[in-house]
$ cat run03.tsv   # TSV, C-alpha atoms and all ligand atoms
chain	number	residue	atom	x	y	z
X	275	MET	CA	93.35	107.92	82.32
X	276	SER	CA	94.79	104.75	83.75
X	277	ARG	CA	98.49	105.04	82.80
X	278	ILE	CA	100.42	108.28	83.17
X	279	GLN	CA	103.99	109.45	82.75
X	280	LEU	CA	105.72	111.78	85.24
X	281	HIS	CA	109.30	112.71	84.31
X	282	ASP	CA	111.00	109.37	83.54
X	283	LYS	CA	108.54	107.09	85.36
X	284	THR	CA	105.20	105.55	84.45
X	285	PHE	CA	102.38	104.98	86.90
X	286	ASP	CA	99.15	102.98	86.72
X	287	LEU	CA	95.88	103.86	88.39
X	288	PHE	CA	95.77	101.87	91.61
X	289	ILE	CA	92.98	103.39	93.74
X	290	SER	CA	90.12	105.29	92.07
X	291	GLU	CA	89.02	108.75	93.13
X	292	ALA	CA	85.69	107.25	94.26
X	293	GLU	CA	87.46	104.78	96.52
X	294	VAL	CA	89.67	107.51	98.00
X	295	ASN	CA	86.55	109.57	98.68
X	296	ARG	CA	84.78	106.66	100.37
X	297	ALA	CA	87.80	106.00	102.59
X	298	ILE	CA	87.95	109.66	103.65
X	299	ASP	CA	84.18	109.67	104.32
X	300	LYS	CA	84.66	106.75	106.72
X	301	LEU	CA	87.67	108.31	108.41
X	302	ALA	CA	85.86	111.64	108.86
X	303	LEU	CA	83.04	109.85	110.68
X	304	GLU	CA	85.54	108.14	112.99
X	305	ILE	CA	87.46	111.36	113.73
X	306	GLY	CA	84.29	113.44	114.07
X	307	ARG	CA	82.95	111.08	116.73
X	308	LYS	CA	86.24	110.94	118.62
X	309	TYR	CA	86.86	114.71	118.72
X	310	ASP	CA	83.34	116.09	119.05
X	311	GLY	CA	83.38	118.69	121.83
X	312	LYS	CA	87.19	118.73	122.06
X	313	ARG	CA	87.87	121.47	119.51
X	314	PRO	CA	90.85	119.65	117.95
X	315	LEU	CA	93.66	121.40	116.11
X	316	PHE	CA	94.39	119.65	112.82
X	317	LEU	CA	97.99	120.13	111.73
X	318	GLY	CA	98.54	119.30	108.06
X	319	VAL	CA	102.10	118.46	107.08
X	320	LEU	CA	102.97	120.27	103.85
X	321	ASN	CA	103.28	119.85	100.98
X	322	GLY	CA	101.62	116.49	100.51
X	323	ALA	CA	98.83	116.74	103.09
X	324	PHE	CA	97.10	119.79	101.58
X	325	PHE	CA	94.71	117.56	99.64
X	326	PHE	CA	93.92	115.18	102.51
X	327	ALA	CA	93.52	118.05	104.99
X	328	ALA	CA	90.98	119.84	102.79
X	329	GLU	CA	89.06	116.67	101.97
X	330	LEU	CA	88.93	115.60	105.62
X	331	VAL	CA	87.94	118.87	107.27
X	332	LYS	CA	85.22	119.67	104.74
X	333	ARG	CA	83.50	116.47	105.91
X	334	LEU	CA	83.63	117.41	109.60
X	335	ASP	CA	80.90	119.39	111.27
X	336	ILE	CA	82.54	119.59	114.68
X	337	GLU	CA	84.20	122.72	116.03
X	338	CYS	CA	87.86	122.51	114.98
X	339	GLU	CA	90.87	124.50	113.81
X	340	ILE	CA	93.25	123.75	110.98
X	341	SER	CA	96.78	124.87	110.39
X	342	PHE	CA	99.81	123.67	108.46
X	343	VAL	CA	103.43	122.92	109.26
X	344	LYS	CA	106.44	121.86	107.23
X	345	VAL	CA	109.24	119.53	108.14
X	346	ALA	CA	112.81	120.33	107.27
X	347	SER	CA	115.20	117.38	107.22
X	348	TYR	CA	118.92	117.78	107.44
X	349	HIS	CA	121.81	115.51	108.26
X	350	GLY	CA	123.12	116.04	111.76
X	351	THR	CA	126.31	114.52	113.09
X	352	SER	CA	126.91	110.90	112.17
X	353	SER	CA	125.60	109.83	115.57
X	354	SER	CA	122.30	111.71	115.27
X	355	GLY	CA	121.58	110.77	111.64
X	356	THR	CA	118.81	112.73	109.93
X	357	VAL	CA	117.25	115.44	112.07
X	358	THR	CA	113.74	116.65	111.39
X	359	GLN	CA	112.61	120.08	112.45
X	360	LEU	CA	109.04	121.38	112.52
X	361	ILE	CA	108.62	124.73	110.81
X	362	GLY	CA	105.69	127.10	111.01
X	363	LEU	CA	104.00	126.01	114.22
X	364	THR	CA	102.47	129.31	115.30
X	365	GLU	CA	99.56	128.02	117.41
X	366	ARG	CA	99.91	127.46	121.13
X	367	ILE	CA	99.26	123.76	121.43
X	368	GLU	CA	99.65	123.40	125.18
X	369	GLY	CA	96.58	121.58	126.50
X	370	ARG	CA	95.11	121.15	123.00
X	371	HIS	CA	94.04	117.97	121.24
X	372	VAL	CA	96.23	117.83	118.14
X	373	VAL	CA	95.68	115.62	115.10
X	374	VAL	CA	98.64	115.46	112.73
X	375	LEU	CA	97.52	115.01	109.13
X	376	GLU	CA	99.98	113.17	106.90
X	377	ASP	CA	99.65	112.24	103.24
X	378	ILE	CA	101.52	108.97	103.74
X	379	VAL	CA	103.27	107.08	106.51
X	380	ASP	CA	106.02	104.85	105.18
X	381	THR	CA	108.87	103.90	107.55
X	382	GLY	CA	107.41	106.21	110.22
X	383	GLY	CA	110.58	108.25	110.70
X	384	THR	CA	108.85	111.51	109.84
X	385	VAL	CA	105.87	111.08	112.15
X	386	GLU	CA	108.09	109.91	114.98
X	387	ASN	CA	110.12	113.11	114.73
X	388	ILE	CA	107.01	115.27	114.46
X	389	MET	CA	105.53	113.63	117.55
X	390	ALA	CA	108.74	114.26	119.50
X	391	SER	CA	108.75	117.95	118.48
X	392	LEU	CA	105.09	118.40	119.41
X	393	ALA	CA	105.50	116.69	122.78
X	394	GLU	CA	107.86	119.49	123.84
X	395	HIS	CA	104.87	121.86	123.70
X	396	HIS	CA	102.73	119.76	126.09
X	397	PRO	CA	99.56	119.16	124.09
X	398	ALA	CA	96.67	117.36	125.85
X	399	SER	CA	96.89	114.61	123.21
X	400	VAL	CA	98.38	114.00	119.78
X	401	SER	CA	97.18	111.47	117.26
X	402	ILE	CA	98.10	110.80	113.65
X	403	ALA	CA	95.71	110.61	110.73
X	404	ALA	CA	97.13	109.47	107.41
X	405	LEU	CA	95.56	109.25	103.98
X	406	LEU	CA	97.85	106.31	103.16
X	407	PHE	CA	99.77	103.88	105.36
X	408	LYS	CA	102.25	101.21	104.29
X	409	PRO	CA	102.12	98.68	107.17
X	410	SER	CA	104.84	96.47	105.69
X	411	ALA	CA	107.31	99.39	105.51
X	412	TYR	CA	106.53	100.74	108.99
X	413	LYS	CA	109.42	100.43	111.44
X	414	LYS	CA	108.21	102.41	114.46
X	415	THR	CA	105.95	101.68	117.38
X	416	ILE	CA	103.84	104.85	117.55
X	417	PRO	CA	100.29	103.84	116.64
X	418	ILE	CA	98.96	105.33	113.41
X	419	GLU	CA	95.48	105.64	114.85
X	420	HIS	CA	93.51	106.96	111.90
X	421	VAL	CA	94.22	105.58	108.45
X	422	ALA	CA	92.09	106.10	105.35
X	423	LEU	CA	93.78	103.45	103.16
X	424	GLU	CA	96.45	100.82	103.77
X	425	ILE	CA	98.64	100.14	100.73
X	426	PRO	CA	101.49	97.75	99.89
X	427	ASN	CA	105.10	98.88	99.92
X	428	ALA	CA	105.20	100.60	96.51
X	429	PHE	CA	105.82	104.17	95.41
X	430	VAL	CA	102.59	106.04	94.71
X	431	VAL	CA	101.52	109.50	93.54
X	432	GLY	CA	98.30	111.48	93.27
X	433	SER	CA	95.85	113.01	95.77
X	434	GLY	CA	98.60	115.31	97.06
X	435	LEU	CA	101.58	112.99	96.60
X	436	ASP	CA	104.24	113.81	94.02
X	437	HIS	CA	107.12	112.38	92.05
X	438	ASP	CA	109.72	115.12	91.91
X	439	GLY	CA	107.10	117.87	92.00
X	440	LEU	CA	104.61	116.32	89.58
X	441	GLY	CA	101.43	114.37	90.17
X	442	ARG	CA	99.97	116.05	93.26
X	443	ASN	CA	96.93	117.14	91.28
X	444	LEU	CA	96.01	113.66	90.02
X	445	ARG	CA	92.69	112.28	91.22
X	446	GLY	CA	92.97	108.88	92.80
X	447	ILE	CA	96.23	107.10	93.62
X	448	TYR	CA	98.71	105.90	90.98
X	449	ARG	CA	101.32	103.22	91.57
X	450	ILE	CA	104.72	103.10	89.89
X	451	THR	CA	104.94	100.43	87.17
X	452	GLU	CA	107.37	97.59	87.72
X	453	ASN	CA	109.99	97.40	84.98
Z	501	LIG	P1	108.52	108.05	106.31
Z	501	LIG	O1	109.40	106.97	105.77
Z	501	LIG	O2	109.27	108.99	107.19
Z	501	LIG	O3	107.27	107.49	106.98
Z	501	LIG	O4	107.99	108.87	105.06
Z	501	LIG	C1	108.71	109.98	104.65
Z	501	LIG	C2	108.11	110.70	103.50
Z	501	LIG	O5	108.46	109.97	102.33
Z	501	LIG	C3	106.61	110.87	103.40
Z	501	LIG	O6	106.10	111.94	104.16
Z	501	LIG	C4	106.48	111.17	101.92
Z	501	LIG	O7	106.79	112.52	101.67
Z	501	LIG	C5	107.56	110.28	101.33
Z	501	LIG	N1	106.99	109.04	100.81
Z	501	LIG	C6	107.01	107.81	101.36
Z	501	LIG	N2	106.40	106.91	100.57
Z	501	LIG	C7	105.98	107.60	99.48
Z	501	LIG	C8	105.27	107.24	98.28
Z	501	LIG	O8	104.88	106.09	98.04
Z	501	LIG	N3	105.01	108.25	97.40
Z	501	LIG	C9	105.41	109.53	97.60
Z	501	LIG	N4	105.10	110.42	96.66
Z	501	LIG	N5	106.07	109.91	98.71
Z	501	LIG	C10	106.35	108.95	99.63

$ encode --input "run03.tsv" --output "structure tokens"
Amino acid sequence: MSRIQLHDKTFDLFISEAEVNRAIDKLALEIGRKYDGKRPLFLGVLNGAFFFAAELVKRLDIECEISFVKVASYHGTSSSGTVTQLIGLTERIEGRHVVVLEDIVDTGGTVENIMASLAEHHPASVSIAALLFKPSAYKKTIPIEHVALEIPNAFVVGSGLDHDGLGRNLRGIYRITEN
């Protein structure tokens, strides 16, 4: 199925399931080598990262732990703008090597806030691994160290990503059609 409809929008197949799988294979090799012997804690950011987290960790044969967090965004005072809070971090991460798993990094606001929240708990290291990264939309300076696929600045769904609740279960990545 190469064109699909979700609510009021249409999307075209952009990256095949096979290509997504190949990109995650490659990333798993890279992460496996880097974290072998370090017993990393993978922290998947829900909801979107459930797919990427499962696909990545099933390819790793190093000793590791996996857990999930959520981010809650709310508008603070006009001076603080949007505030992001991490919810559900139950592990002690002090002294641990943490890898944040994100479905997509767009402007980078979300990962920047997550990194700031995690830093308060004094981990040994924190890195970011993203299924998708939009370099041309990125506005921050934190390095996105591990990226499966770089994509242009367009709205996409599938492989965990949704449009208003729909599309997370689609295999591959679909890109919104230009009207
Ligand atoms: P940020 O701009 O903070 O890097 O990204 C914020 C969030 O926007 C992401 O975690 C994701 O939930 C959502 N987002 C950004 N780009 C896309 C996209 O192309 N598709 C979908 N489904 N969500 C996106």

$ residues_around --input "run03.tsv" --residues "Glu291 of chain X" --least-positions-apart "3" --cutoff "9 Å" --atoms "all atoms listed in the file" --output "PyMOL selection string"
chain X and resi 294-296+433+445-447

$ closest_residue --input "run03.tsv" --among "X:Gly441, X:Gly383, X:Gly362, X:Gly311" --to "ligand LIG 501 (chain Z)" --atoms "all atoms listed in the file"
X:Gly383

$ residues_near_ligand --input "run03.tsv" --ligand "ligand LIG 501 (chain Z)" --cutoff "6 Å" --atoms "all atoms listed in the file" --output "PyMOL selection string"
chain X and resi 378-384+428-431+435-437

$ residues_around --input "run03.tsv" --residues "Glu337 of chain X" --least-positions-apart "4" --cutoff "9 Å" --atoms "all atoms listed in the file" --output "NGL selection string"
:X and (309-314)

$ atom_distance --input "run03.tsv" --atom1 "atom CA of Pro397 of chain X" --atom2 "atom CA of Arg333 of chain X"
24.4 Å

$ residues_near_point --input "run03.tsv" --point "(108.1, 105.7, 89.3)" --cutoff "7 Å" --atoms "all atoms listed in the file" --output "ChimeraX atom specification"
/X:283-285,429,450-451

$ write_last_selection --input "run03.tsv" --atoms "C-alpha atoms" --output "PDB file, in the frame of the given file"
ATOM      1  CA  LYS X 283     108.540 107.090  85.360  1.00  0.00           C
ATOM      2  CA  THR X 284     105.200 105.550  84.450  1.00  0.00           C
ATOM      3  CA  PHE X 285     102.380 104.980  86.900  1.00  0.00           C
ATOM      4  CA  PHE X 429     105.820 104.170  95.410  1.00  0.00           C
ATOM      5  CA  ILE X 450     104.720 103.100  89.890  1.00  0.00           C
ATOM      6  CA  THR X 451     104.940 100.430  87.170  1.00  0.00           C
TER       7      THR X 451
END

$ atom_distance --input "run03.tsv" --atom1 "atom CA of Ala323 of chain X" --atom2 "atom CA of Leu405 of chain X"
8.2 Å

$ residues_around --input "run03.tsv" --residues "Pro426 of chain X" --least-positions-apart "3" --cutoff "10 Å" --atoms "all atoms listed in the file" --output "mmCIF file with C-alpha atoms, in the frame of the given file"
data_model
loop_
_atom_site.group_PDB
_atom_site.id
_atom_site.type_symbol
_atom_site.label_atom_id
_atom_site.label_comp_id
_atom_site.auth_asym_id
_atom_site.auth_seq_id
_atom_site.Cartn_x
_atom_site.Cartn_y
_atom_site.Cartn_z
ATOM 1 C CA ASP X 380 106.020 104.850 105.180
ATOM 2 C CA LEU X 406 97.850 106.310 103.160
ATOM 3 C CA PHE X 407 99.770 103.880 105.360
ATOM 4 C CA LYS X 408 102.250 101.210 104.290
ATOM 5 C CA PRO X 409 102.120 98.680 107.170
ATOM 6 C CA SER X 410 104.840 96.470 105.690
ATOM 7 C CA ALA X 411 107.310 99.390 105.510
ATOM 8 C CA PHE X 429 105.820 104.170 95.410
ATOM 9 C CA VAL X 430 102.590 106.040 94.710
ATOM 10 C CA ARG X 449 101.320 103.220 91.570
#
